[in-house]
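query_10.csv, holding CSV, C-alpha atoms:
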chain,number,residue,atom,x,y,z
A,70,MET,CA,11.3,18.9,19.6
A,71,LYS,CA,12.3,15.3,19.2
A,72,THR,CA,13.3,13.4,22.3
A,73,ARG,CA,15.2,10.2,22.9
A,74,VAL,CA,13.0,7.1,23.0
A,75,GLY,CA,13.5,4.2,25.3
A,76,ALA,CA,13.7,0.4,25.2
A,77,SER,CA,10.0,-0.1,24.9
A,78,TRP,CA,9.8,1.9,21.6
A,79,PHE,CA,12.8,0.0,20.2
A,80,THR,CA,11.3,-3.4,21.2
A,81,TRP,CA,7.9,-2.8,19.5
A,82,PHE,CA,9.5,-1.2,16.5
A,83,THR,CA,11.9,-4.1,16.0
A,84,ILE,CA,9.1,-6.7,16.5
A,85,ALA,CA,7.0,-4.9,13.9
A,86,TRP,CA,9.8,-5.0,11.4
A,87,LEU,CA,10.6,-8.6,12.3
A,88,VAL,CA,7.2,-9.7,11.2
A,89,ILE,CA,7.2,-7.4,8.1
A,90,TRP,CA,10.5,-9.0,6.9
A,91,ALA,CA,9.3,-12.6,7.8
A,92,ILE,CA,6.2,-12.4,5.7
A,93,GLN,CA,8.1,-10.8,2.8
A,94,LEU,CA,11.3,-12.9,2.7
A,95,THR,CA,10.1,-16.4,3.8
A,96,PRO,CA,8.0,-16.7,0.5
A,97,VAL,CA,11.0,-15.3,-1.5
A,98,GLN,CA,13.5,-17.7,0.1
A,99,LEU,CA,11.4,-20.8,0.4
A,100,LEU,CA,7.7,-20.9,-0.2
A,101,ILE,CA,7.5,-19.5,-3.8
A,102,PRO,CA,10.5,-21.6,-5.0
A,103,LEU,CA,8.8,-24.7,-3.5
A,104,GLN,CA,5.4,-23.7,-5.0
A,105,LEU,CA,6.8,-23.1,-8.5
A,106,ASP,CA,9.6,-25.7,-8.7
A,107,SER,CA,9.2,-27.9,-11.7
A,108,PRO,CA,12.0,-30.5,-12.0
A,109,ASP,CA,10.0,-32.7,-14.4
A,110,ASP,CA,12.7,-32.9,-17.1
A,111,ALA,CA,16.3,-31.8,-17.8
A,112,ASP,CA,15.2,-28.2,-18.3
A,113,GLY,CA,12.4,-28.1,-15.8
A,114,TRP,CA,14.4,-26.7,-12.9
A,115,ILE,CA,15.4,-23.7,-15.1
A,116,ARG,CA,11.8,-23.1,-15.9
A,117,GLY,CA,11.0,-23.0,-12.2
A,118,VAL,CA,13.8,-20.5,-11.6
A,119,VAL,CA,12.6,-18.2,-14.4
A,120,THR,CA,8.9,-18.5,-13.3
A,121,SER,CA,9.8,-17.6,-9.7
A,122,GLY,CA,11.8,-14.6,-10.8
A,123,LEU,CA,9.0,-13.3,-12.9
A,124,VAL,CA,6.5,-13.7,-10.1
A,125,LEU,CA,8.7,-11.9,-7.6
A,126,ALA,CA,9.4,-9.1,-10.1
A,127,ILE,CA,5.7,-8.5,-10.7
A,128,GLY,CA,5.2,-8.1,-7.0
A,129,GLY,CA,8.2,-5.7,-6.9
A,130,ALA,CA,6.6,-3.5,-9.5
A,131,ALA,CA,3.4,-3.3,-7.5
A,132,GLY,CA,5.4,-2.3,-4.4
A,133,LEU,CA,7.2,0.4,-6.4
A,134,VAL,CA,3.9,2.2,-6.9
A,135,ALA,CA,2.3,1.4,-3.5
A,136,GLY,CA,5.1,2.4,-1.1
A,137,PRO,CA,5.6,6.1,-2.1
A,138,LEU,CA,1.8,6.6,-2.7
A,139,ALA,CA,0.9,5.3,0.7
A,140,GLY,CA,3.7,7.3,2.3
A,141,ALA,CA,2.5,10.5,0.6
A,142,TRP,CA,-1.0,10.0,1.9
A,143,SER,CA,0.1,9.1,5.4
A,144,ASP,CA,2.0,12.4,5.5
A,145,ARG,CA,-1.3,14.1,5.0
A,146,THR,CA,-3.6,11.9,7.0
A,147,GLY,CA,-5.7,13.6,9.6
A,148,SER,CA,-6.9,11.0,12.1
A,149,ARG,CA,-7.4,10.5,15.8
A,150,LEU,CA,-5.2,7.4,15.4
A,151,GLY,CA,-2.3,9.4,14.1
A,152,ARG,CA,-0.7,9.8,10.7
A,153,ARG,CA,1.1,6.4,10.5
A,154,ARG,CA,-1.0,3.9,12.4
A,155,PRO,CA,-3.9,3.8,10.0
A,156,TRP,CA,-1.5,2.9,7.2
A,157,ALA,CA,0.4,0.3,9.2
A,158,LEU,CA,-3.0,-1.3,9.9
A,159,THR,CA,-4.0,-1.1,6.2
A,160,GLY,CA,-0.8,-2.8,5.1
A,161,THR,CA,-1.3,-5.5,7.7
A,162,ALA,CA,-4.8,-6.2,6.5
A,163,ILE,CA,-3.8,-6.4,2.8
A,164,SER,CA,-0.8,-8.7,3.6
A,165,THR,CA,-3.0,-11.0,5.7
A,166,VAL,CA,-5.7,-11.5,3.0
A,167,SER,CA,-3.1,-11.9,0.2
A,168,LEU,CA,-1.1,-14.6,2.1
A,169,VAL,CA,-4.3,-16.6,2.8
A,170,TYR,CA,-5.2,-16.4,-0.9
A,171,THR,CA,-1.8,-17.5,-2.0
A,172,ALA,CA,-1.9,-20.5,0.3
A,173,PHE,CA,-4.6,-22.1,-1.8
A,174,VAL,CA,-3.6,-21.4,-5.4
A,175,GLU,CA,-1.3,-23.4,-7.6
A,176,SER,CA,-0.8,-21.8,-11.1
A,177,ALA,CA,2.0,-19.3,-11.6
A,178,TRP,CA,-0.4,-16.5,-12.5
A,179,ALA,CA,-2.5,-17.1,-9.4
A,180,VAL,CA,0.6,-17.0,-7.3
A,181,ALA,CA,1.6,-13.8,-9.0
A,182,ILE,CA,-1.7,-12.2,-8.1
A,183,GLY,CA,-1.3,-13.2,-4.5
A,184,TRP,CA,2.3,-12.0,-4.4
A,185,ILE,CA,1.2,-8.6,-5.7
A,186,GLY,CA,-1.1,-8.3,-2.8
A,187,VAL,CA,1.6,-9.3,-0.3
A,188,SER,CA,4.1,-6.8,-1.8
A,189,VAL,CA,1.5,-4.0,-1.7
A,190,GLY,CA,0.7,-4.7,1.9
A,191,VAL,CA,4.3,-4.8,2.9
A,192,ALA,CA,5.1,-1.6,1.0
A,193,VAL,CA,2.2,0.3,2.7
A,194,ALA,CA,3.1,-0.9,6.2
A,195,SER,CA,6.9,-0.3,5.6
A,196,ALA,CA,6.2,3.3,4.5
A,197,ALA,CA,4.4,4.0,7.8
A,198,LEU,CA,7.0,2.3,10.0
A,199,THR,CA,10.0,3.9,8.3
A,200,ALA,CA,8.5,7.4,8.7
A,201,MET,CA,8.4,6.9,12.4
A,202,ILE,CA,12.3,7.1,12.4
A,203,ALA,CA,12.3,10.6,11.0
A,204,ASP,CA,9.1,11.7,12.8
A,205,GLN,CA,10.2,10.8,16.3
A,206,LEU,CA,14.0,10.4,16.4
A,207,ASP,CA,17.1,12.6,15.9
A,208,GLU,CA,20.4,11.2,17.2
A,209,GLN,CA,19.0,7.7,17.5
A,210,ARG,CA,18.3,7.3,13.8
A,211,GLY,CA,21.3,5.0,13.2
A,212,ALA,CA,20.2,2.7,16.0
A,213,ALA,CA,16.6,2.5,14.7
A,214,SER,CA,18.0,1.8,11.2
A,215,ALA,CA,20.1,-0.9,12.7
A,216,ALA,CA,16.9,-2.4,14.2
A,217,VAL,CA,15.4,-2.5,10.7
A,218,GLY,CA,18.4,-4.2,9.3
A,219,SER,CA,18.7,-6.7,12.1
A,220,ALA,CA,15.0,-7.5,11.9
A,221,GLN,CA,15.4,-8.3,8.2
A,222,ALA,CA,18.0,-11.0,9.0
A,223,VAL,CA,16.1,-12.4,12.0
A,224,GLY,CA,12.8,-12.3,10.1
A,225,ILE,CA,14.2,-14.6,7.4
A,226,ILE,CA,15.4,-17.1,9.9
A,227,VAL,CA,12.2,-17.0,12.1
A,228,GLY,CA,10.0,-17.5,9.0
A,229,VAL,CA,12.1,-20.3,7.4
A,230,ALA,CA,12.7,-22.0,10.7
A,231,ALA,CA,9.0,-22.0,11.6
A,232,VAL,CA,8.1,-23.6,8.3
A,233,THR,CA,11.0,-26.1,8.3
A,234,LEU,CA,11.0,-27.2,11.9
A,235,LEU,CA,7.2,-27.4,12.2
A,236,GLY,CA,7.2,-29.6,9.0
A,237,LEU,CA,4.7,-27.3,7.3
A,238,ASP,CA,3.8,-27.6,3.6
A,239,VAL,CA,3.5,-24.6,1.4
A,240,THR,CA,-0.2,-24.0,2.4
A,241,GLY,CA,0.6,-24.3,6.1
A,242,GLY,CA,3.5,-21.9,5.7
A,243,TYR,CA,1.5,-19.2,4.1
A,244,LEU,CA,-1.3,-19.5,6.7
A,245,LEU,CA,1.2,-19.3,9.6
A,246,LEU,CA,2.6,-16.1,8.1
A,247,ALA,CA,-0.9,-14.7,7.6
A,248,GLY,CA,-1.8,-15.4,11.2
A,249,THR,CA,1.4,-13.9,12.5
A,250,ILE,CA,1.1,-10.6,10.6
A,251,ALA,CA,-2.6,-10.3,11.5
A,252,VAL,CA,-1.9,-10.6,15.2
A,253,VAL,CA,1.5,-9.1,15.7
A,254,GLY,CA,1.3,-6.4,13.0
A,255,SER,CA,-2.0,-5.0,14.4
A,256,THR,CA,-0.7,-5.2,18.0
A,257,THR,CA,2.6,-3.3,17.3
A,258,ALA,CA,0.7,-0.7,15.2
A,259,PHE,CA,-1.3,0.2,18.3
A,260,LEU,CA,1.5,0.0,20.8
A,261,LEU,CA,4.0,2.2,18.9
A,262,PRO,CA,3.4,5.9,19.6
A,263,ASP,CA,2.1,7.9,16.7
A,264,PRO,CA,1.3,11.5,17.7
A,265,ALA,CA,-1.9,12.7,16.0
A,266,PRO,CA,-1.8,15.8,13.8
A,267,ASP,CA,-3.5,19.0,14.9
A,268,VAL,CA,-7.3,18.5,15.0
A,269,GLY,CA,-9.0,20.3,12.2
A,270,SER,CA,-5.9,20.7,10.2
A,271,ALA,CA,-6.4,20.5,6.5
A,272,VAL,CA,-5.3,17.5,4.6
A,273,PRO,CA,-3.5,18.7,1.4
A,274,GLU,CA,-3.2,16.8,-1.7
A,275,PRO,CA,-0.1,14.6,-2.0
A,276,VAL,CA,2.9,16.2,-3.6
A,277,PRO,CA,4.7,14.2,-6.3
A,278,ALA,CA,7.9,12.6,-5.0
A,279,ALA,CA,9.9,14.2,-7.7
A,280,SER,CA,9.3,17.6,-6.2
A,281,GLY,CA,10.7,16.5,-2.8
A,282,ALA,CA,13.7,14.4,-2.0
A,283,LEU,CA,14.1,13.0,-5.5
A,284,ALA,CA,14.7,16.6,-6.7
A,285,ASP,CA,18.0,16.3,-4.8
A,286,PRO,CA,20.8,14.7,-6.9
A,287,SER,CA,22.3,13.2,-3.7
A,288,PHE,CA,19.0,11.5,-2.8
A,289,ARG,CA,18.8,10.1,-6.3
A,290,TRP,CA,22.3,8.7,-6.0
A,291,LEU,CA,21.5,7.2,-2.7
A,292,TRP,CA,18.3,5.6,-4.1
A,293,ALA,CA,20.1,4.2,-7.1
A,294,GLY,CA,23.0,2.9,-5.0
A,295,ARG,CA,20.6,1.1,-2.6
A,296,LEU,CA,18.7,-0.4,-5.5
A,297,ILE,CA,21.8,-1.8,-7.2
A,298,VAL,CA,23.4,-3.1,-4.0
A,299,ASN,CA,20.0,-4.8,-3.1
A,300,ILE,CA,19.9,-6.4,-6.5
A,301,GLY,CA,23.4,-7.7,-5.8
A,302,ASN,CA,22.3,-9.0,-2.5
A,303,ALA,CA,19.3,-10.7,-3.9
A,304,LEU,CA,21.4,-12.4,-6.6
A,305,GLY,CA,23.5,-13.9,-3.8
A,306,THR,CA,20.6,-14.9,-1.6
A,307,GLY,CA,17.4,-15.0,-3.5
A,308,LEU,CA,18.2,-18.1,-5.6
A,309,LEU,CA,20.0,-19.8,-2.7
A,310,PHE,CA,17.5,-22.6,-2.5
A,311,PHE,CA,17.8,-23.4,-6.2
A,312,PHE,CA,21.6,-23.2,-5.9
A,313,LEU,CA,21.6,-25.8,-3.1
A,314,LEU,CA,19.3,-28.0,-5.2
A,315,TYR,CA,20.8,-27.7,-8.6
A,316,GLY,CA,24.2,-26.0,-8.1
A,317,LEU,CA,25.4,-28.3,-5.2
A,318,ASP,CA,23.1,-31.3,-5.9
A,319,ARG,CA,21.5,-31.4,-2.5
A,320,ASP,CA,18.3,-33.3,-2.2
A,321,LYS,CA,15.1,-31.3,-1.5
A,322,ASP,CA,14.6,-32.3,2.2
A,323,GLY,CA,18.3,-31.7,2.9
A,324,ALA,CA,18.3,-28.4,1.0
A,325,GLU,CA,15.6,-27.1,3.3
A,326,ASP,CA,17.7,-27.9,6.3
A,327,ASP,CA,20.8,-26.5,4.6
A,328,LEU,CA,19.0,-23.3,3.8
A,329,LEU,CA,18.0,-22.9,7.5
A,330,LEU,CA,21.6,-23.4,8.7
A,331,LEU,CA,22.9,-20.8,6.2
A,332,ILE,CA,20.3,-18.3,7.2
A,333,VAL,CA,21.3,-18.7,10.8
A,334,VAL,CA,24.9,-17.8,9.9
A,335,TYR,CA,23.8,-14.9,7.8
A,336,THR,CA,21.5,-13.7,10.5
A,337,VAL,CA,24.2,-13.6,13.2
A,338,PHE,CA,26.5,-11.5,11.1
A,339,VAL,CA,23.8,-9.2,9.8
A,340,VAL,CA,22.6,-8.4,13.3
A,341,ALA,CA,26.0,-7.9,14.7
A,342,SER,CA,27.2,-5.6,11.9
A,343,SER,CA,23.9,-3.7,11.8
A,344,ILE,CA,24.2,-2.8,15.5
A,345,ILE,CA,27.9,-2.0,15.5
A,346,ALA,CA,27.8,0.0,12.2
A,347,GLY,CA,24.6,1.9,13.2
A,348,ALA,CA,26.0,2.8,16.6
A,349,TYR,CA,29.3,3.9,15.0
A,350,SER,CA,27.6,6.1,12.5
A,351,ASP,CA,25.5,7.8,15.3
A,352,ARG,CA,28.5,8.4,17.4
A,353,THR,CA,30.8,9.7,14.7
A,354,GLY,CA,28.4,11.0,12.1
A,355,ARG,CA,30.5,9.3,9.4
A,356,ARG,CA,28.3,7.3,7.2
A,357,HIS,CA,29.7,7.4,3.7
A,358,GLY,CA,32.8,5.3,4.3
A,359,ALA,CA,30.9,2.6,6.2
A,360,VAL,CA,28.3,2.3,3.4
A,361,MET,CA,31.0,1.9,0.7
A,362,LEU,CA,33.1,-0.6,2.6
A,363,SER,CA,30.1,-2.7,3.5
A,364,ALA,CA,29.1,-3.0,-0.2
A,365,ILE,CA,32.6,-4.1,-1.1
A,366,VAL,CA,32.5,-6.8,1.6
A,367,GLN,CA,29.2,-8.0,0.1
A,368,ALA,CA,30.9,-8.2,-3.2
A,369,GLY,CA,33.7,-10.4,-1.7
A,370,ALA,CA,31.0,-12.9,-0.5
A,371,ALA,CA,29.8,-13.3,-4.0
A,372,LEU,CA,33.3,-13.8,-5.3
A,373,VAL,CA,33.8,-16.7,-2.8
A,374,LEU,CA,31.0,-18.6,-4.5
A,375,VAL,CA,32.4,-17.9,-8.0
A,376,MET,CA,35.9,-19.2,-7.1
A,377,ALA,CA,34.9,-22.0,-4.7
A,378,PRO,CA,31.3,-23.1,-5.2
A,379,SER,CA,31.2,-25.8,-2.5
A,380,PHE,CA,28.8,-26.4,0.4
A,381,GLY,CA,31.4,-25.5,3.0
A,382,MET,CA,32.3,-22.2,1.3
A,383,THR,CA,28.6,-21.2,1.2
A,384,PHE,CA,29.0,-20.7,5.0
A,385,VAL,CA,31.9,-18.4,4.5
A,386,ALA,CA,30.0,-16.5,1.9
A,387,ALA,CA,26.9,-16.3,4.2
A,388,ALA,CA,29.0,-14.7,7.0
A,389,LEU,CA,30.6,-12.2,4.6
A,390,ILE,CA,27.4,-11.2,3.0
A,391,GLY,CA,25.8,-10.8,6.4
A,392,VAL,CA,28.6,-8.4,7.5
A,393,GLY,CA,28.4,-6.4,4.4
A,394,TYR,CA,24.6,-6.2,4.0
A,395,GLY,CA,23.8,-5.6,7.6
A,396,ALA,CA,26.1,-2.6,7.8
A,397,PHE,CA,25.0,-1.3,4.4
A,398,MET,CA,21.3,-1.3,5.2
A,399,SER,CA,21.6,0.2,8.7
A,400,VAL,CA,24.0,3.0,7.9
A,401,GLY,CA,22.5,3.6,4.5
A,402,LEU,CA,19.0,4.1,5.9
A,403,ALA,CA,20.4,6.5,8.5
A,404,LEU,CA,22.1,8.4,5.7
A,405,ALA,CA,18.8,8.6,3.8
A,406,THR,CA,17.2,10.3,6.9
A,407,ASP,CA,19.9,12.9,6.8
A,408,LEU,CA,18.9,13.9,3.3
A,409,LEU,CA,15.2,14.4,4.0
A,410,PRO,CA,14.2,17.9,2.9
A,411,ASP,CA,10.9,18.4,4.7
A,412,ASP,CA,9.4,16.8,7.9
A,413,GLN,CA,6.0,17.0,6.4
A,414,ASP,CA,6.9,14.6,3.7
A,415,ASN,CA,9.0,12.0,5.6
A,416,ALA,CA,6.8,9.0,4.9
A,417,ARG,CA,6.6,9.8,1.2
A,418,ASP,CA,10.3,10.2,0.8
A,419,LEU,CA,11.3,7.3,3.0
A,420,GLY,CA,8.7,5.2,1.1
A,421,VAL,CA,10.7,6.0,-2.0
A,422,VAL,CA,13.8,4.7,-0.1
A,423,ASN,CA,12.0,1.6,0.9
A,424,VAL,CA,11.1,0.9,-2.7
A,425,SER,CA,14.8,0.8,-3.7
A,426,ALA,CA,15.5,-1.9,-1.2
A,427,ASN,CA,12.3,-3.9,-1.8
A,428,LEU,CA,12.4,-3.6,-5.5
A,429,GLY,CA,16.1,-4.7,-5.5
A,430,GLN,CA,15.3,-7.8,-3.5
A,431,LEU,CA,12.5,-8.7,-5.8
A,432,LEU,CA,14.2,-7.8,-9.1
A,433,GLY,CA,17.3,-9.8,-8.1
A,434,PRO,CA,15.8,-13.2,-8.6
A,435,LEU,CA,14.4,-12.1,-12.0
A,436,VAL,CA,17.9,-11.0,-13.1
A,437,GLY,CA,19.4,-14.1,-11.7
A,438,ALA,CA,16.8,-16.3,-13.4
A,439,GLY,CA,17.8,-14.7,-16.7
A,440,LEU,CA,21.5,-15.3,-16.0
A,441,VAL,CA,20.8,-19.0,-15.0
A,442,ALA,CA,18.8,-19.5,-18.2
A,443,ALA,CA,21.6,-18.0,-20.3
A,444,SER,CA,24.5,-19.8,-18.7
A,445,GLY,CA,22.9,-23.0,-17.3
A,446,GLY,CA,24.5,-22.5,-13.9
A,447,PHE,CA,25.1,-20.1,-11.1
A,448,ALA,CA,28.7,-18.7,-11.5
A,449,LEU,CA,27.5,-15.8,-13.7
A,450,VAL,CA,24.9,-15.0,-11.1
A,451,PHE,CA,27.4,-14.6,-8.3
A,452,ALA,CA,29.9,-12.7,-10.5
A,453,THR,CA,27.2,-10.2,-11.5
A,454,ALA,CA,26.3,-9.8,-7.8
A,455,ALA,CA,29.9,-8.9,-7.0
A,456,VAL,CA,30.0,-6.2,-9.8
A,457,LEU,CA,26.7,-4.7,-8.8
A,458,SER,CA,27.6,-4.5,-5.1
A,459,VAL,CA,30.8,-2.6,-5.9
A,460,VAL,CA,29.1,-0.2,-8.3
A,461,GLY,CA,26.2,0.5,-6.0
A,462,GLY,CA,28.6,1.1,-3.1
A,463,LEU,CA,30.8,3.5,-5.0
A,464,MET,CA,27.7,5.7,-5.8
A,465,THR,CA,27.8,6.8,-2.2
A,466,LYS,CA,30.8,9.0,-3.0
A,467,LEU,CA,28.5,11.2,-5.0
A,468,ILE,CA,26.2,11.9,-2.1
A,469,ARG,CA,26.4,15.3,-0.3
A,470,VAL,CA,24.7,15.7,3.0
A,471,PRO,CA,23.4,19.3,3.7
A,472,ALA,CA,25.3,21.1,6.5
Whole structure given in structure tokens:
Amino acid sequence: MKTRVGASWFTWFTIAWLVIWAIQLTPVQLLIPLQLDSPDDADGWIRGVVTSGLVLAIGGAAGLVAGPLAGAWSDRTGSRLGRRRPWALTGTAISTVSLVYTAFVESAWAVAIGWIGVSVGVAVASAALTAMIADQLDEQRGAASAAVGSAQAVGIIVGVAAVTLLGLDVTGGYLLLAGTIAVVGSTTAFLLPDPAPDVGSAVPEPVPAASGALADPSFRWLWAGRLIVNIGNALGTGLLFFFLLYGLDRDKDGAEDDLLLLIVVYTVFVVASSIIAGAYSDRTGRRHGAVMLSAIVQAGAALVLVMAPSFGMTFVAAALIGVGYGAFMSVGLALATDLLPDDQDNARDLGVVNVSANLGQLLGPLVGAGLVAASGGFALVFATAAVLSVVGGLMTKLIRVPA
């Protein structure tokens, strides 16, 4: 019987996700673009955009495999530490080592190897943490999902602000992230409750994901919709630093400060909309409409940058995309937990859900890089983001929650 958890559980759960998002998104938004930027000639900046997109996509592919696999094994882990904690600690260790490695390499391929490690570590830890929602909560799932969404936005700003305000170079930024996940990730893994399975119980072989939640057409529509909306979000945010540099002609030092300001605006609206929408969906049980509307709001943000690509309007777009994405992620994750078919496979199935978000965030820059290379600018990137957001949101209409 699941019981209501208190403020302590939510505090440690949110902090854990805050660090997870910081170590994943700070390199995406700032460190990898700085590391691979190559404005040595007229076409150099486009090469930097394309290289960054390829590196991020390679990491995303690794996470696609690692997340569900780690989730499946955590569902069947027999340990005195619990089912989820060993995997949260494993993901923390992999991420830490990979961030340290990436801090000291320069070539694109070496950065790609490091980013694969970071992506795998994040996927493993995320699978364990997400499963705790389904394991331990019932009527508080929307609130916990809101915590995940809010932590995503705050994690970006904490990471970028730390690197920018402390005046760290790329190496220092990676090392700061590595130290943070090593300390905070390990601490929260031990402080979050994780009931151990029955002593002596057998540990069965993992069951392929296709025989679980993915066998349900509604779950497949949810997965596809989240993937597409996250690609749309990443198109609008993943190339933001390059957009400031080469779309709005901001100088590099100024662009770093501008990026931080925009992330602050984005964060405020993501957090607010995540909390409000998550609480509303818990209270009313109505999740479909909120998911669709939020995706459409995100599309509106991208259209703002198509029609008025100015520095001032980027703040309007940042606010709108924050409102849309925050609500989409919190209510969408709660909707995913409503579709889970078997408590014994929560981590595996929610690991598959995590892949849709993580893969979308990492494929977006690759798609965007191709669009920039094809058009020589950013208008096509933002227009595509708007279309994908609408399409992904409308897929929610095809989801049917079991009675």
I'd like to know which of A:Tyr349, A:Phe310, A:Trp156, A:Tyr394 is closest to Glu208 (chain A), using only C-alpha atoms.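 Nearest candidate to Glu208 (chain A) out of A:Tyr349, A:Phe310, A:Trp156, A:Tyr394: A:Tyr349.
Considering the residues A:Val460, A:Ile332, A:Val191, A:Val223 and counting all atoms listed in the file, Thr165 (chain A) has its shortest atom-to-atom contact with A:Val191.
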Using all atoms listed in the file, can you tell me which of A:Val360, A:Ile225, A:Met376, A:Val339 comes closest to Gln98 (chain A)? A:Ile225
For each of A:Leu234, A:Ala181, A:Leu291, A:Leu317, take the minimum atom-to-atom distance to Pro378 (chain A), counting all atoms listed in the file, then give the residue where this is smallest.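 Ranked by minimum distance to Pro378 (chain A), first place goes to A:Leu317.
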Selection: 8 Å around region 122-124 of chain A, only C-alpha atoms, excl. self and same-chain fewer than 5 positions, as a list in words: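 Using only C-alpha atoms, the neighbours found are Ala177, Trp178, Val180, Ala181, Trp184, Leu431, Leu432, Gly433, Pro434, Leu435, Val436, Gly437 and Ala438 of chain A.
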Generate the output file for the selected residues, C-alpha atoms, as a PDB file, in the coordinates of the input.
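Okay, this is what ended up in selection35.pdb:
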ATOM      1  CA  ALA A 177       2.000 -19.300 -11.600  1.00  0.00           C
ATOM      2  CA  TRP A 178      -0.400 -16.500 -12.500  1.00  0.00           C
ATOM      3  CA  VAL A 180       0.600 -17.000  -7.300  1.00  0.00           C
ATOM      4  CA  ALA A 181       1.600 -13.800  -9.000  1.00  0.00           C
ATOM      5  CA  TRP A 184       2.300 -12.000  -4.400  1.00  0.00           C
ATOM      6  CA  LEU A 431      12.500  -8.700  -5.800  1.00  0.00           C
ATOM      7  CA  LEU A 432      14.200  -7.800  -9.100  1.00  0.00           C
ATOM      8  CA  GLY A 433      17.300  -9.800  -8.100  1.00  0.00           C
ATOM      9  CA  PRO A 434      15.800 -13.200  -8.600  1.00  0.00           C
ATOM     10  CA  LEU A 435      14.400 -12.100 -12.000  1.00  0.00           C
ATOM     11  CA  VAL A 436      17.900 -11.000 -13.100  1.00  0.00           C
ATOM     12  CA  GLY A 437      19.400 -14.100 -11.700  1.00  0.00           C
ATOM     13  CA  ALA A 438      16.800 -16.300 -13.400  1.00  0.00           C
TER      14      ALA A 438
END
With only C-alpha atoms as the atoms that count, which of A:Leu463, A:Ala91, A:Val118, A:Val392 lies nearest to Leu308 (chain A)?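 Ranking A:Leu463, A:Ala91, A:Val118, A:Val392 by distance to Leu308 (chain A), first place goes to A:Val118.
For the choices A:Leu150, A:Ile468, A:Leu99, A:Ile84, the atom-to-atom distance to Phe259 (chain A) is smallest for A:Leu150 when using all atoms listed in the file.
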Find the residues near region 248-251 of chain A: any atom within 9 Å, counting only C-alpha atoms, skip ones fewer than 5 places away on the same chain, and give them as an MDAnalysis selection string. chainID A and resid 85 88:89 91:92 161:162 164:165 169 243 256
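Taking CA of Gly190 (chain A) as the reference point, CA of Gly151 (chain A) is found at 18.9 Å.
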Quick check, in Å to one decimal: how far apart do CA of Asp204 (chain A) and CA of Leu87 (chain A) lie?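 CA of Leu87 (chain A) lies 20.4 Å from CA of Asp204 (chain A).
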Taking 3 positions as the minimum chain separation for residues in the same chain, which residues sit within 9 Å of Ser363 (chain A) when counting all atoms listed in the file? Answer as a ChimeraX atom specification. /A:358-360,366-368,390,392-397,462
At a cut-off of 12 Å, using all atoms listed in the file, what residues contact Thr383 (chain A)? Leave out same-chain residues fewer than 2 positions from it and give the result as a PyMOL selection string. chain A and resi 305-306+309-310+312-313+316-317+327-328+330-332+334-335+370-381+385-391+451
In Å, with one decimal, what is the gap from CA of Ser214 (chain A) to CA of Val74 (chain A)? 13.9 Å
All file atoms of region 367-374 of chain A boxed axis-aligned, 3 Å per side, centre plus edges, as AutoDock Vina command-line options:
--center_x 31.5 --center_y -13.3 --center_z -2.6 --size_x 10.6 --size_y 16.6 --size_z 11.4
How would region 338-348 of chain A look with N, CA and C atoms restored, written as a JSON list (two decimals), in the frame of the given file?
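Final output, rebuild11.json:
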[["chain", "number", "residue", "atom", "x", "y", "z"],
["A", 338, "PHE", "N", 25.59, -12.54, 11.59],
["A", 338, "PHE", "CA", 26.50, -11.50, 11.10],
["A", 338, "PHE", "C", 25.76, -10.23, 10.69],
["A", 339, "VAL", "N", 24.56, -10.37, 10.14],
["A", 339, "VAL", "CA", 23.80, -9.20, 9.80],
["A", 339, "VAL", "C", 23.44, -8.39, 11.06],
["A", 340, "VAL", "N", 22.95, -9.09, 12.07],
["A", 340, "VAL", "CA", 22.60, -8.40, 13.30],
["A", 340, "VAL", "C", 23.75, -7.71, 13.95],
["A", 341, "ALA", "N", 24.86, -8.44, 14.06],
["A", 341, "ALA", "CA", 26.00, -7.90, 14.70],
["A", 341, "ALA", "C", 26.54, -6.64, 13.95],
["A", 342, "SER", "N", 26.67, -6.75, 12.63],
["A", 342, "SER", "CA", 27.20, -5.60, 11.90],
["A", 342, "SER", "C", 26.23, -4.46, 11.81],
["A", 343, "SER", "N", 24.91, -4.75, 11.78],
["A", 343, "SER", "CA", 23.90, -3.70, 11.80],
["A", 343, "SER", "C", 24.04, -2.83, 13.05],
["A", 344, "ILE", "N", 24.10, -3.51, 14.19],
["A", 344, "ILE", "CA", 24.20, -2.80, 15.50],
["A", 344, "ILE", "C", 25.46, -2.02, 15.60],
["A", 345, "ILE", "N", 26.58, -2.67, 15.29],
["A", 345, "ILE", "CA", 27.90, -2.00, 15.50],
["A", 345, "ILE", "C", 28.02, -0.83, 14.50],
["A", 346, "ALA", "N", 27.67, -1.05, 13.23],
["A", 346, "ALA", "CA", 27.80, 0.00, 12.20],
["A", 346, "ALA", "C", 26.84, 1.16, 12.51],
["A", 347, "GLY", "N", 25.60, 0.83, 12.90],
["A", 347, "GLY", "CA", 24.60, 1.90, 13.20],
["A", 347, "GLY", "C", 25.07, 2.73, 14.37],
["A", 348, "ALA", "N", 25.56, 2.09, 15.43],
["A", 348, "ALA", "CA", 26.00, 2.80, 16.60],
["A", 348, "ALA", "C", 27.24, 3.69, 16.25]]
